[in-house]
$ cat coords_7.txt   # compact mmCIF, C-alpha atoms
# COMPACT_ATOMS: atom_id res chain seq x y z
CA MET Z 1 -16.32 76.34 9.20
CA SER Z 2 -14.23 78.39 11.53
CA GLY Z 3 -10.96 76.72 10.79
CA ARG Z 4 -8.76 78.27 13.42
CA LYS Z 5 -5.51 76.43 13.28
CA SER Z 6 -3.51 77.72 16.16
CA ALA Z 7 -1.05 75.35 17.75
CA LYS Z 8 -3.02 74.91 20.94
CA MET Z 9 -6.65 75.13 19.93
CA LYS Z 10 -8.11 73.00 17.19
CA GLN Z 11 -11.79 72.78 16.54
CA ARG Z 12 -13.28 69.76 14.90
CA THR Z 13 -15.44 70.48 11.87
CA VAL Z 14 -19.15 69.73 12.04
CA THR Z 15 -18.65 66.94 9.50
CA GLU Z 16 -16.02 65.31 11.67
CA SER Z 17 -18.33 65.53 14.68
CA LEU Z 18 -21.19 64.04 12.70
CA GLN Z 19 -18.97 61.17 11.60
CA GLU Z 20 -17.96 60.60 15.20
CA TYR Z 21 -21.60 60.50 16.29
CA GLY Z 22 -22.27 58.12 13.42
CA ARG Z 23 -19.65 55.73 14.77
CA GLY Z 24 -21.18 56.13 18.22
CA VAL Z 25 -24.64 55.24 16.92
CA ALA Z 26 -23.24 52.20 15.12
CA GLY Z 27 -21.37 51.07 18.22
CA GLY Z 28 -24.41 51.59 20.40
CA LEU Z 29 -26.53 49.40 18.15
CA ILE Z 30 -23.88 46.72 17.65
CA PHE Z 31 -23.45 46.19 21.37
CA SER Z 32 -26.97 46.65 22.65
CA LEU Z 33 -29.45 45.53 20.02
CA PRO Z 34 -29.86 42.02 21.53
CA LEU Z 35 -30.79 43.70 24.80
CA LEU Z 36 -33.41 45.93 23.19
CA TYR Z 37 -34.95 42.84 21.59
CA THR Z 38 -35.35 40.94 24.88
CA ARG Z 39 -38.70 40.63 26.68
CA GLU Z 40 -37.22 40.41 30.15
CA VAL Z 41 -35.50 43.74 29.57
CA TRP Z 42 -38.80 45.45 28.78
CA TRP Z 43 -40.31 43.91 31.88
CA ALA Z 44 -37.38 44.97 34.05
CA GLY Z 45 -38.16 48.54 33.00
CA PHE Z 46 -41.50 48.61 34.74
CA ILE Z 47 -40.78 46.16 37.55
CA ALA Z 48 -37.69 47.99 38.86
CA HIS Z 49 -38.23 50.66 41.51
CA PRO Z 50 -37.33 54.22 40.38
CA TYR Z 51 -34.47 54.37 42.89
CA ARG Z 52 -32.97 51.23 41.42
CA LEU Z 53 -33.13 52.83 37.96
CA ILE Z 54 -31.32 55.88 39.36
CA ALA Z 55 -28.59 53.60 40.73
CA TYR Z 56 -28.34 52.01 37.28
CA VAL Z 57 -27.93 55.43 35.62
CA PHE Z 58 -25.20 56.45 38.07
CA ALA Z 59 -23.35 53.15 37.73
CA THR Z 60 -23.38 53.54 33.96
CA PHE Z 61 -22.20 57.12 34.24
CA LEU Z 62 -19.26 56.05 36.42
CA LEU Z 63 -18.36 53.35 33.91
CA LEU Z 64 -18.51 55.88 31.05
CA LEU Z 65 -16.31 58.29 33.01
CA GLY Z 66 -13.78 55.51 33.56
CA TYR Z 67 -13.85 54.37 29.97
CA ASN Z 68 -13.65 57.85 28.48
CA ARG Z 69 -10.79 58.67 30.82
CA TYR Z 70 -8.68 55.73 29.73
CA SER Z 71 -9.62 54.90 26.16
CA GLY Z 72 -6.98 55.63 23.54
CA LEU Z 73 -8.09 58.82 21.84
CA ARG Z 74 -8.79 60.84 24.93
CA ARG Z 75 -5.79 60.19 27.15
CA ASP Z 76 -4.91 63.85 27.20
CA SER Z 77 -8.43 65.08 28.00
CA SER Z 78 -9.26 66.88 31.21
CA MET Z 79 -11.81 65.45 33.63
CA THR Z 80 -14.34 68.12 32.56
CA GLU Z 81 -14.05 67.05 28.92
CA VAL Z 82 -14.43 63.42 29.97
CA ALA Z 83 -17.61 64.28 31.90
CA ILE Z 84 -18.98 66.28 28.95
CA ASP Z 85 -18.31 63.37 26.59
CA SER Z 86 -19.98 60.94 28.99
CA ILE Z 87 -23.13 63.06 29.19
CA GLU Z 88 -23.22 63.39 25.40
CA GLU Z 89 -23.01 59.63 25.09
CA MET Z 90 -25.78 59.11 27.62
CA GLY Z 91 -27.97 61.54 25.68
CA ILE Z 92 -27.32 59.70 22.42
CA GLY Z 93 -28.01 56.41 24.22
CA VAL Z 94 -31.38 57.65 25.51
CA VAL Z 95 -32.48 59.03 22.13
CA LEU Z 96 -31.31 55.96 20.22
CA GLY Z 97 -32.72 53.50 22.75
CA ALA Z 98 -36.08 55.31 22.80
CA LEU Z 99 -36.22 55.40 19.00
CA VAL Z 100 -35.54 51.66 18.62
CA LEU Z 101 -37.96 50.74 21.42
CA PHE Z 102 -40.61 52.96 19.84
CA LEU Z 103 -40.13 51.36 16.42
CA LEU Z 104 -40.34 47.93 18.06
CA GLY Z 105 -43.67 48.95 19.58
CA ARG Z 106 -42.34 48.65 23.14
CA ILE Z 107 -43.17 52.22 24.11
CA THR Z 108 -46.36 53.90 23.02
CA LEU Z 109 -47.80 57.31 23.76
CA GLY Z 110 -50.66 55.77 25.74
CA MET Z 111 -48.34 54.29 28.36
CA PRO Z 112 -47.87 55.97 31.75
CA LEU Z 113 -44.70 58.06 31.85
CA ILE Z 114 -43.06 55.95 34.56
CA GLU Z 115 -43.38 52.86 32.36
CA ILE Z 116 -41.89 54.62 29.31
CA ILE Z 117 -38.99 56.07 31.32
CA GLY Z 118 -38.31 52.70 32.98
CA VAL Z 119 -38.13 50.76 29.73
CA VAL Z 120 -36.03 53.43 28.02
CA VAL Z 121 -33.57 53.74 30.92
CA VAL Z 122 -32.96 50.00 31.11
CA GLY Z 123 -32.28 49.83 27.38
CA ALA Z 124 -30.48 53.13 26.94
CA MET Z 125 -27.70 52.62 29.48
CA THR Z 126 -26.17 49.73 27.55
CA VAL Z 127 -26.64 51.70 24.34
CA ALA Z 128 -24.65 54.55 25.94
CA ILE Z 129 -21.72 52.24 26.74
CA GLY Z 130 -21.86 50.96 23.17
CA VAL Z 131 -21.88 54.54 21.87
CA SER Z 132 -18.78 55.31 23.91
CA ILE Z 133 -16.92 52.26 22.66
CA GLY Z 134 -18.07 52.82 19.09
CA THR Z 135 -16.81 56.40 19.16
CA ALA Z 136 -13.43 55.36 20.49
CA GLN Z 137 -12.91 52.11 18.60
CA LEU Z 138 -14.61 52.20 15.24
CA GLY Z 139 -12.91 55.26 13.78
CA ALA Z 140 -10.25 55.09 11.10
CA GLY Z 141 -8.14 56.98 13.63
CA GLY Z 142 -6.35 59.17 11.11
CA LYS Z 143 -6.47 62.88 11.80
CA GLU Z 144 -7.40 62.96 15.42
CA ASP Z 145 -4.71 60.63 16.57
CA GLU Z 146 -1.79 62.81 15.64
CA GLY Z 147 0.42 64.01 18.41
CA LEU Z 148 -0.75 61.47 20.91
CA GLY Z 149 2.41 59.47 21.07
CA GLY Z 150 0.67 56.31 19.93
CA SER Z 151 0.18 53.13 21.85
CA SER Z 152 3.48 51.61 20.77
CA ALA Z 153 5.37 54.28 22.67
CA ARG Z 154 3.45 53.54 25.83
CA ASN Z 155 5.51 51.12 27.79
CA GLU Z 156 3.92 51.04 31.19
CA ILE Z 157 0.73 49.09 31.61
CA ASP Z 158 -1.89 51.03 33.47
CA PHE Z 159 -3.55 48.65 35.90
CA GLY Z 160 -6.51 50.98 36.53
CA ALA Z 161 -7.18 51.32 32.82
CA GLN Z 162 -7.01 47.54 32.41
CA MET Z 163 -9.60 47.07 35.15
CA VAL Z 164 -11.94 49.66 33.61
CA PHE Z 165 -11.68 47.97 30.20
CA ALA Z 166 -12.35 44.59 31.79
CA LEU Z 167 -15.41 46.00 33.56
CA CYS Z 168 -16.75 47.57 30.34
CA GLY Z 169 -16.31 44.36 28.38
CA ALA Z 170 -17.89 42.28 31.12
CA VAL Z 171 -20.93 44.55 31.43
CA LEU Z 172 -21.45 44.73 27.67
CA PHE Z 173 -21.39 40.96 27.29
CA ALA Z 174 -23.21 40.00 30.45
CA ALA Z 175 -25.99 42.61 30.23
CA ASN Z 176 -27.34 40.92 27.12
CA MET Z 177 -27.87 37.62 28.94
CA ALA Z 178 -28.43 38.65 32.55
CA PRO Z 179 -32.17 39.40 32.44
CA THR Z 180 -33.13 36.21 30.61
CA GLU Z 181 -34.95 33.38 32.31
CA GLU Z 182 -32.32 30.96 31.05
CA ILE Z 183 -29.80 32.14 33.63
CA VAL Z 184 -32.24 31.29 36.42
CA ILE Z 185 -33.03 27.90 34.87
CA ILE Z 186 -29.33 27.05 34.59
CA ALA Z 187 -28.75 28.06 38.21
CA ILE Z 188 -31.63 25.95 39.46
CA GLU Z 189 -31.06 22.84 37.37
CA THR Z 190 -27.29 22.54 37.19
CA SER Z 191 -25.46 20.56 39.85
CA TRP Z 192 -22.80 22.22 41.95
CA ALA Z 193 -20.09 20.10 40.35
CA LYS Z 194 -21.02 21.47 36.93
CA LEU Z 195 -21.08 25.00 38.31
CA MET Z 196 -17.54 24.40 39.55
CA GLY Z 197 -16.79 23.19 36.04
CA LEU Z 198 -18.20 26.42 34.62
CA ALA Z 199 -15.98 28.43 36.97
CA ILE Z 200 -12.86 26.52 35.87
CA PHE Z 201 -13.98 26.85 32.25
CA SER Z 202 -14.23 30.63 32.74
CA LEU Z 203 -10.72 30.81 34.21
CA LEU Z 204 -9.39 28.82 31.26
CA ILE Z 205 -11.09 31.19 28.81
CA ALA Z 206 -9.50 34.17 30.57
CA PHE Z 207 -6.08 32.50 30.46
CA LEU Z 208 -6.53 31.53 26.80
CA ILE Z 209 -7.48 35.04 25.71
CA LEU Z 210 -5.09 36.98 27.90
CA HIS Z 211 -1.98 34.85 27.76
CA TYR Z 212 -2.01 31.93 25.43
CA SER Z 213 -3.51 32.56 22.01
CA ASP Z 214 -1.48 35.63 21.05
CA PHE Z 215 -4.57 37.83 20.94
CA LYS Z 216 -4.37 41.26 19.40
CA GLY Z 217 -2.92 43.60 22.01
CA ALA Z 218 -1.97 40.86 24.48
CA ALA Z 219 1.74 41.54 24.21
CA ASP Z 220 1.27 45.29 24.73
CA PHE Z 221 -1.27 45.45 27.49
CA VAL Z 222 -1.01 42.35 29.64
CA ARG Z 223 1.87 41.65 31.95
CA ALA Z 224 3.12 38.11 31.68
CA ASP Z 225 6.65 38.15 33.01
CA HIS Z 226 6.13 35.59 35.73
CA PHE Z 227 3.84 32.65 36.39
CA ALA Z 228 2.43 34.30 39.51
CA VAL Z 229 1.61 37.46 37.55
CA ILE Z 230 -0.22 35.42 34.92
CA LEU Z 231 -2.21 33.60 37.58
CA LEU Z 232 -3.02 36.82 39.39
CA GLY Z 233 -4.11 38.58 36.19
CA THR Z 234 -6.39 35.69 35.25
CA VAL Z 235 -7.95 35.49 38.69
CA VAL Z 236 -8.46 39.27 38.93
CA THR Z 237 -10.15 39.27 35.51
CA TYR Z 238 -12.47 36.48 36.64
CA ALA Z 239 -13.19 38.33 39.88
CA ILE Z 240 -14.22 41.43 37.90
CA ALA Z 241 -16.40 39.24 35.72
CA LEU Z 242 -18.13 37.69 38.74
CA GLY Z 243 -18.53 41.06 40.45
CA SER Z 244 -20.13 42.70 37.42
CA SER Z 245 -22.35 39.65 36.86
CA ALA Z 246 -23.63 39.87 40.43
CA LEU Z 247 -24.30 43.62 40.10
CA ILE Z 248 -26.23 43.25 36.85
CA LEU Z 249 -28.24 40.31 38.23
CA TRP Z 250 -29.07 42.34 41.32
CA PHE Z 251 -30.21 45.20 39.15
CA PHE Z 252 -32.56 42.99 37.14
CA GLY Z 253 -34.01 41.65 40.39
CA SER Z 254 -32.78 38.10 39.82
CA PHE Z 255 -31.61 37.77 43.43
CA GLU Z 256 -34.97 38.51 44.97
CA GLY Z 257 -36.45 35.63 46.89
CA VAL Z 258 -33.85 33.06 45.83
CA PRO Z 259 -31.60 31.09 48.17
CA LEU Z 260 -27.91 31.98 48.31
CA PHE Z 261 -26.91 28.90 46.33
CA THR Z 262 -29.16 29.82 43.40
CA ALA Z 263 -27.88 33.40 43.45
CA LEU Z 264 -24.34 32.04 43.34
CA GLY Z 265 -25.28 29.66 40.53
CA GLN Z 266 -26.70 32.53 38.49
CA THR Z 267 -23.55 34.56 39.04
CA VAL Z 268 -21.29 31.70 37.94
CA ALA Z 269 -23.47 30.91 34.91
CA LEU Z 270 -23.46 34.54 33.81
CA GLY Z 271 -19.80 34.78 34.76
CA VAL Z 272 -18.79 32.76 31.69
CA ALA Z 273 -20.13 35.48 29.40
CA ALA Z 274 -18.73 38.22 31.61
CA THR Z 275 -15.28 36.58 31.56
CA LEU Z 276 -15.28 36.50 27.77
CA GLY Z 277 -16.18 40.19 27.77
CA ALA Z 278 -13.70 41.13 30.47
CA SER Z 279 -10.75 39.33 28.87
CA ALA Z 280 -11.48 40.53 25.37
CA GLY Z 281 -12.25 44.01 26.74
CA ARG Z 282 -8.81 44.29 28.32
CA LEU Z 283 -7.22 43.71 24.93
CA LEU Z 284 -9.60 45.28 22.45
CA LEU Z 285 -11.21 48.26 24.14
CA GLN Z 286 -8.06 50.35 24.31
CA MET W 287 -0.66 68.98 24.24
CA LYS W 288 -3.46 69.23 21.77
CA LYS W 289 -6.68 70.71 23.03
CA THR W 290 -9.87 70.25 21.09
CA LYS W 291 -12.43 72.99 21.25
CA LYS W 292 -15.99 71.92 20.77
CA ASN W 293 -18.02 73.18 17.83
CA TRP W 294 -21.68 74.22 18.02
CA LEU W 295 -22.97 70.74 17.12
CA GLU W 296 -21.07 69.14 19.97
CA TRP W 297 -22.32 71.74 22.41
CA PHE W 298 -25.84 71.15 21.14
CA VAL W 299 -25.57 67.38 21.62
CA PHE W 300 -24.08 67.94 25.06
CA ALA W 301 -26.91 70.31 26.05
CA LEU W 302 -29.50 67.84 24.78
CA GLY W 303 -27.83 65.01 26.68
CA LEU W 304 -27.65 67.06 29.86
CA ILE W 305 -31.32 68.03 29.62
CA LEU W 306 -32.44 64.46 28.85
CA VAL W 307 -30.38 62.85 31.59
CA SER W 308 -31.23 65.41 34.28
CA ALA W 309 -34.93 65.38 33.33
CA THR W 310 -34.98 61.58 33.52
CA LEU W 311 -33.21 61.56 36.89
CA SER W 312 -35.46 64.29 38.32
CA TYR W 313 -38.54 62.42 37.19
CA LEU W 314 -37.26 59.16 38.69
CA ILE W 315 -36.51 60.89 42.00
CA TYR W 316 -39.99 62.42 41.98
CA ALA W 317 -41.59 59.10 41.06
CA GLY W 318 -39.61 57.25 43.72
CA ALA W 319 -40.47 59.79 46.41
CA SER W 320 -44.16 59.97 45.59
CA MET W 321 -44.53 56.24 45.18
CA GLY W 322 -46.07 54.42 48.10
CA HIS W 323 -45.90 50.73 48.87
CA GLU W 324 -49.46 49.87 48.04
CA PRO W 325 -49.67 46.37 46.53
CA PRO W 326 -51.34 46.03 43.13
CA SER W 327 -54.90 47.32 43.34
CA ILE W 328 -56.75 46.20 40.26
CA GLU W 329 -59.95 47.51 38.75
CA VAL W 330 -61.78 45.77 35.91
CA LEU W 331 -64.09 47.70 33.59
CA LEU W 332 -66.37 46.06 31.03
CA GLY W 333 -67.28 47.69 27.72
CA THR W 334 -70.34 47.22 25.54
CA PRO W 335 -70.75 43.65 24.22
CA GLU W 336 -70.66 43.22 20.45
CA LYS W 337 -71.97 40.48 18.21
CA GLN W 338 -69.43 38.95 15.89
CA GLN W 339 -69.62 36.26 13.23
CA PHE W 340 -68.82 33.36 15.57
CA ASN W 341 -69.51 34.67 19.06
CA PHE W 342 -70.07 37.68 21.26
CA ILE W 343 -67.16 39.73 22.56
CA VAL W 344 -66.98 41.97 25.61
CA PRO W 345 -64.14 44.53 25.86
CA VAL W 346 -62.29 44.41 29.17
CA THR W 347 -60.11 47.21 30.55
CA VAL W 348 -57.81 46.38 33.45
CA LEU W 349 -56.28 49.16 35.56
CA ASN W 350 -53.65 48.88 38.28
CA HIS W 351 -54.02 51.68 40.84
CA GLY W 352 -51.33 50.21 43.10
CA ASP W 353 -47.64 51.07 43.34
CA GLU W 354 -46.39 47.62 42.43
CA THR W 355 -46.47 45.59 39.25
CA ALA W 356 -48.70 42.52 39.07
CA GLU W 357 -47.74 39.48 37.02
CA GLY W 358 -50.14 36.90 35.58
CA VAL W 359 -53.34 38.76 36.41
CA SER W 360 -56.24 36.35 36.07
CA ILE W 361 -59.68 37.87 35.42
CA GLU W 362 -63.04 36.17 35.39
CA VAL W 363 -66.17 37.56 33.77
CA VAL W 364 -69.44 35.87 34.74
CA MET W 365 -72.73 36.12 32.85
CA GLU W 366 -75.74 35.91 35.16
CA THR W 367 -79.48 35.87 34.62
CA GLY W 368 -81.59 36.20 37.73
CA GLY W 369 -78.75 35.23 40.04
CA GLU W 370 -78.01 32.10 38.05
CA VAL W 371 -74.61 31.72 36.38
CA LYS W 372 -75.05 31.12 32.64
CA ALA W 373 -71.49 31.27 31.37
CA ARG W 374 -67.95 32.22 32.33
CA GLY W 375 -65.24 34.06 30.42
CA GLU W 376 -61.59 34.29 31.40
CA LEU W 377 -58.74 36.61 30.59
CA GLU W 378 -55.10 36.60 31.61
CA VAL W 379 -52.84 39.68 31.56
CA ALA W 380 -49.13 38.72 31.56
CA PHE W 381 -47.90 41.94 33.20
CA LEU W 382 -49.81 44.86 34.63
CA PRO W 383 -47.29 47.57 35.59
CA ARG W 384 -47.97 50.12 38.34
CA HIS W 385 -50.57 52.70 37.28
CA ALA W 386 -50.87 51.08 33.88
CA THR W 387 -53.85 50.01 31.79
CA ARG W 388 -54.23 46.91 29.63
CA GLU W 389 -57.08 46.00 27.32
CA GLY W 390 -58.54 42.76 26.03
CA TRP W 391 -61.74 40.87 25.31
CA VAL W 392 -63.64 37.92 26.71
CA THR W 393 -65.91 35.91 24.47
CA PHE W 394 -69.31 34.25 25.06
CA GLU W 395 -71.39 31.93 22.93
CA GLN W 396 -74.70 33.30 24.21
CA ASP W 397 -75.74 36.90 23.92
CA PRO W 398 -74.46 38.76 27.00
CA ARG W 399 -76.58 41.82 26.23
CA THR W 400 -79.69 40.29 27.76
CA SER W 401 -77.89 39.19 30.95
CA GLN W 402 -75.93 40.78 33.74
CA LEU W 403 -72.12 40.71 33.50
CA LYS W 404 -69.88 40.63 36.56
CA ALA W 405 -66.08 40.89 36.43
CA ARG W 406 -63.58 40.13 39.12
CA VAL W 407 -59.85 39.59 39.53
CA LEU W 408 -59.06 36.04 40.61
CA GLY W 409 -55.43 36.54 41.50
CA TYR W 410 -51.97 37.65 40.47
CA GLN W 411 -48.30 37.17 41.31
CA LYS W 412 -45.55 39.39 42.55
CA PRO W 413 -43.08 39.54 39.63
$ encode --input "coords_7.txt" --output "structure tokens"
Amino acid sequence: MSGRKSAKMKQRTVTESLQEYGRGVAGGLIFSLPLLYTREVWWAGFIAHPYRLIAYVFATFLLLLGYNRYSGLRRDSSMTEVAIDSIEEMGIGVVLGALVLFLLGRITLGMPLIEIIGVVVVGAMTVAIGVSIGTAQLGAGGKEDEGLGGSSARNEIDFGAQMVFALCGAVLFAANMAPTEEIVIIAIETSWAKLMGLAIFSLLIAFLILHYSDFKGAADFVRADHFAVILLGTVVTYAIALGSSALILWFFGSFEGVPLFTALGQTVALGVAATLGASAGRLLLQ
Amino acid sequence: MKKTKKNWLEWFVFALGLILVSATLSYLIYAGASMGHEPPSIEVLLGTPEKQQFNFIVPVTVLNHGDETAEGVSIEVVMETGGEVKARGELEVAFLPRHATREGWVTFEQDPRTSQLKARVLGYQKP
């Protein structure tokens, strides 16, 4: 290996890169395997219009940019490096998603190209987010971390970063449940009082994770100096959860031809999962 | 400030990712632009009937020439002799994506080789 060890430029060895990709692959599978094993996801691949799939790819890319910009290891990276990393992760997501879907018999060579691409895109975007999180979170964090100042020295809490982490967590959790028929059934059959109950339940979960149960990272990353701040933080987290739920449901076509109340019901039902993801994401996805 | 230079493997993975993502996007743009709004347009083709141990089977190929996906495609195959309906076979295809093909069989108790077979699509849903 070309081990140039100047003070400013340091090249990772191929082995280190391979290990990093290995963590990415593991992360991608851990977070997205349920999605790849879901019928409604395969169907969404060929039902969705190509333009909707393009929107899905761009939304994922934006999320990856945000996450790679703020996650721990890469705080000192330039925007170009962040974009390069995001494209790498998308590539790994596509290859990994296609491989798993092929082994599961969901894509075959006899299928029309548009069907193959559709199914792979729907699966691969969540894999890509998982790859990104796996790369950043699952490492032992020894060698590469040096000289970064460490999280303990970081006193200010970056609100933008917190929102990006919340969004990532919400999408990862909610995407696994969003396309299922169960969400529609819950929205249709549950009374509005119980949906209100679900909303309150979600807010309580957010409060519990963010402020009450002394979760890992809560003291470092969440502001809790005043009752109003706690309330605001909880409500904003829930708002992000609801927003991402609605976006994912729209993408999977769950809002088509349903009355507003059912659409709202689906969003609230999915919002419970998204809240769990958003709250935990704010603390764990650093 | 530490700056990490990429090694050849990382550049390779990046290049691969860039090619894959841009190829996928270009194809989706092309597919979206060339795609019309024709509702599912379904053709049913019948293969050669075969005798099996318990019954006769007729291969059925279903093609969707339309630009939209059809759900729950219901197909009927009728066996006629001299204009008189002898037997009916049915087949249901859960999903028939745009421009896709699905295959299946219908079964008959009598020999369909001596009669005339007619296939038609009964109906389907918008997914």
$ residues_around --input "coords_7.txt" --residues "range 167-176 of chain Z" --least-positions-apart "5" --cutoff "6 Å" --atoms "only C-alpha atoms" --output "PyMOL selection string"
chain Z and resi 35+241+273-274+277-278+281
$ atom_distance --input "coords_7.txt" --atom1 "CA of Gln137 in chain Z" --atom2 "CA of Arg69 in chain Z"
14.0 Å
$ closest_atom_pairs --input "coords_7.txt" --of "chain Z" --to "chain W" --cutoff "7 Å" --atoms "all atoms listed in the file" --output "tab-separated table"
residue	atom	partner	partner_atom	distance
Z:Lys8	CA	W:Lys288	CA	5.8
Z:Met9	CA	W:Lys289	CA	5.4
Z:Lys10	CA	W:Thr290	CA	5.1
Z:Gln11	CA	W:Lys291	CA	4.8
Z:Arg12	CA	W:Asn293	CA	6.5
Z:Val14	CA	W:Leu295	CA	6.4
Z:Ser17	CA	W:Glu296	CA	7.0
Z:Phe46	CA	W:Pro383	CA	5.9
Z:Ile47	CA	W:Thr355	CA	6.0
Z:Pro50	CA	W:Gly318	CA	5.1
Z:Tyr51	CA	W:Gly318	CA	6.0
Z:Ile54	CA	W:Leu311	CA	6.5
Z:Ile84	CA	W:Phe300	CA	6.6
Z:Ile87	CA	W:Gly303	CA	5.7
Z:Glu88	CA	W:Phe300	CA	4.6
Z:Met90	CA	W:Gly303	CA	6.3
Z:Gly91	CA	W:Gly303	CA	3.6
Z:Ile92	CA	W:Gly303	CA	6.8
Z:Met111	CA	W:Ala386	CA	6.9
Z:Pro112	CA	W:Ala386	CA	6.1
$ atom_distance --input "coords_7.txt" --atom1 "CA of Phe252 in chain Z" --atom2 "CA of Ile205 in chain Z"
25.9 Å
$ residues_around --input "coords_7.txt" --residues "Ile343 in chain W" --least-positions-apart "5" --cutoff "10 Å" --atoms "all atoms listed in the file" --output "list of chain:residue names"
W:Gly333, W:Thr334, W:Pro335, W:Glu336, W:Lys337, W:Gln338, W:Gly375, W:Gly390, W:Trp391, W:Val392, W:Thr393, W:Phe394, W:Glu395, W:Asp397, W:Pro398
$ decode --input "coords_7.txt" --residues "range 364-387 of chain W" --atoms "C-alpha atoms" --output "mmCIF file, in the first residue's frame"
data_model
loop_
_atom_site.group_PDB
_atom_site.id
_atom_site.type_symbol
_atom_site.label_atom_id
_atom_site.label_comp_id
_atom_site.auth_asym_id
_atom_site.auth_seq_id
_atom_site.Cartn_x
_atom_site.Cartn_y
_atom_site.Cartn_z
ATOM 1 C CA VAL W 364 -64.172 -21.706 -22.883
ATOM 2 C CA MET W 365 -64.209 -25.065 -24.663
ATOM 3 C CA GLU W 366 -66.706 -25.142 -27.536
ATOM 4 C CA THR W 367 -67.842 -27.802 -29.959
ATOM 5 C CA GLY W 368 -70.016 -26.601 -32.813
ATOM 6 C CA GLY W 369 -70.911 -23.364 -31.070
ATOM 7 C CA GLU W 370 -71.984 -25.173 -27.928
ATOM 8 C CA VAL W 371 -70.129 -24.514 -24.667
ATOM 9 C CA LYS W 372 -68.791 -27.785 -23.239
ATOM 10 C CA ALA W 373 -66.683 -26.594 -20.329
ATOM 11 C CA ARG W 374 -65.141 -23.517 -18.751
ATOM 12 C CA GLY W 375 -61.722 -22.929 -17.220
ATOM 13 C CA GLU W 376 -60.698 -19.944 -15.124
ATOM 14 C CA LEU W 377 -57.435 -18.313 -14.192
ATOM 15 C CA GLU W 378 -56.620 -15.356 -11.981
ATOM 16 C CA VAL W 379 -53.400 -13.318 -12.207
ATOM 17 C CA ALA W 380 -52.751 -11.324 -9.009
ATOM 18 C CA PHE W 381 -50.693 -8.578 -10.664
ATOM 19 C CA LEU W 382 -49.923 -7.938 -14.308
ATOM 20 C CA PRO W 383 -47.413 -5.055 -14.497
ATOM 21 C CA ARG W 384 -47.161 -2.764 -17.524
ATOM 22 C CA HIS W 385 -45.605 -4.519 -20.526
ATOM 23 C CA ALA W 386 -45.160 -7.689 -18.507
ATOM 24 C CA THR W 387 -45.996 -11.323 -19.207
#
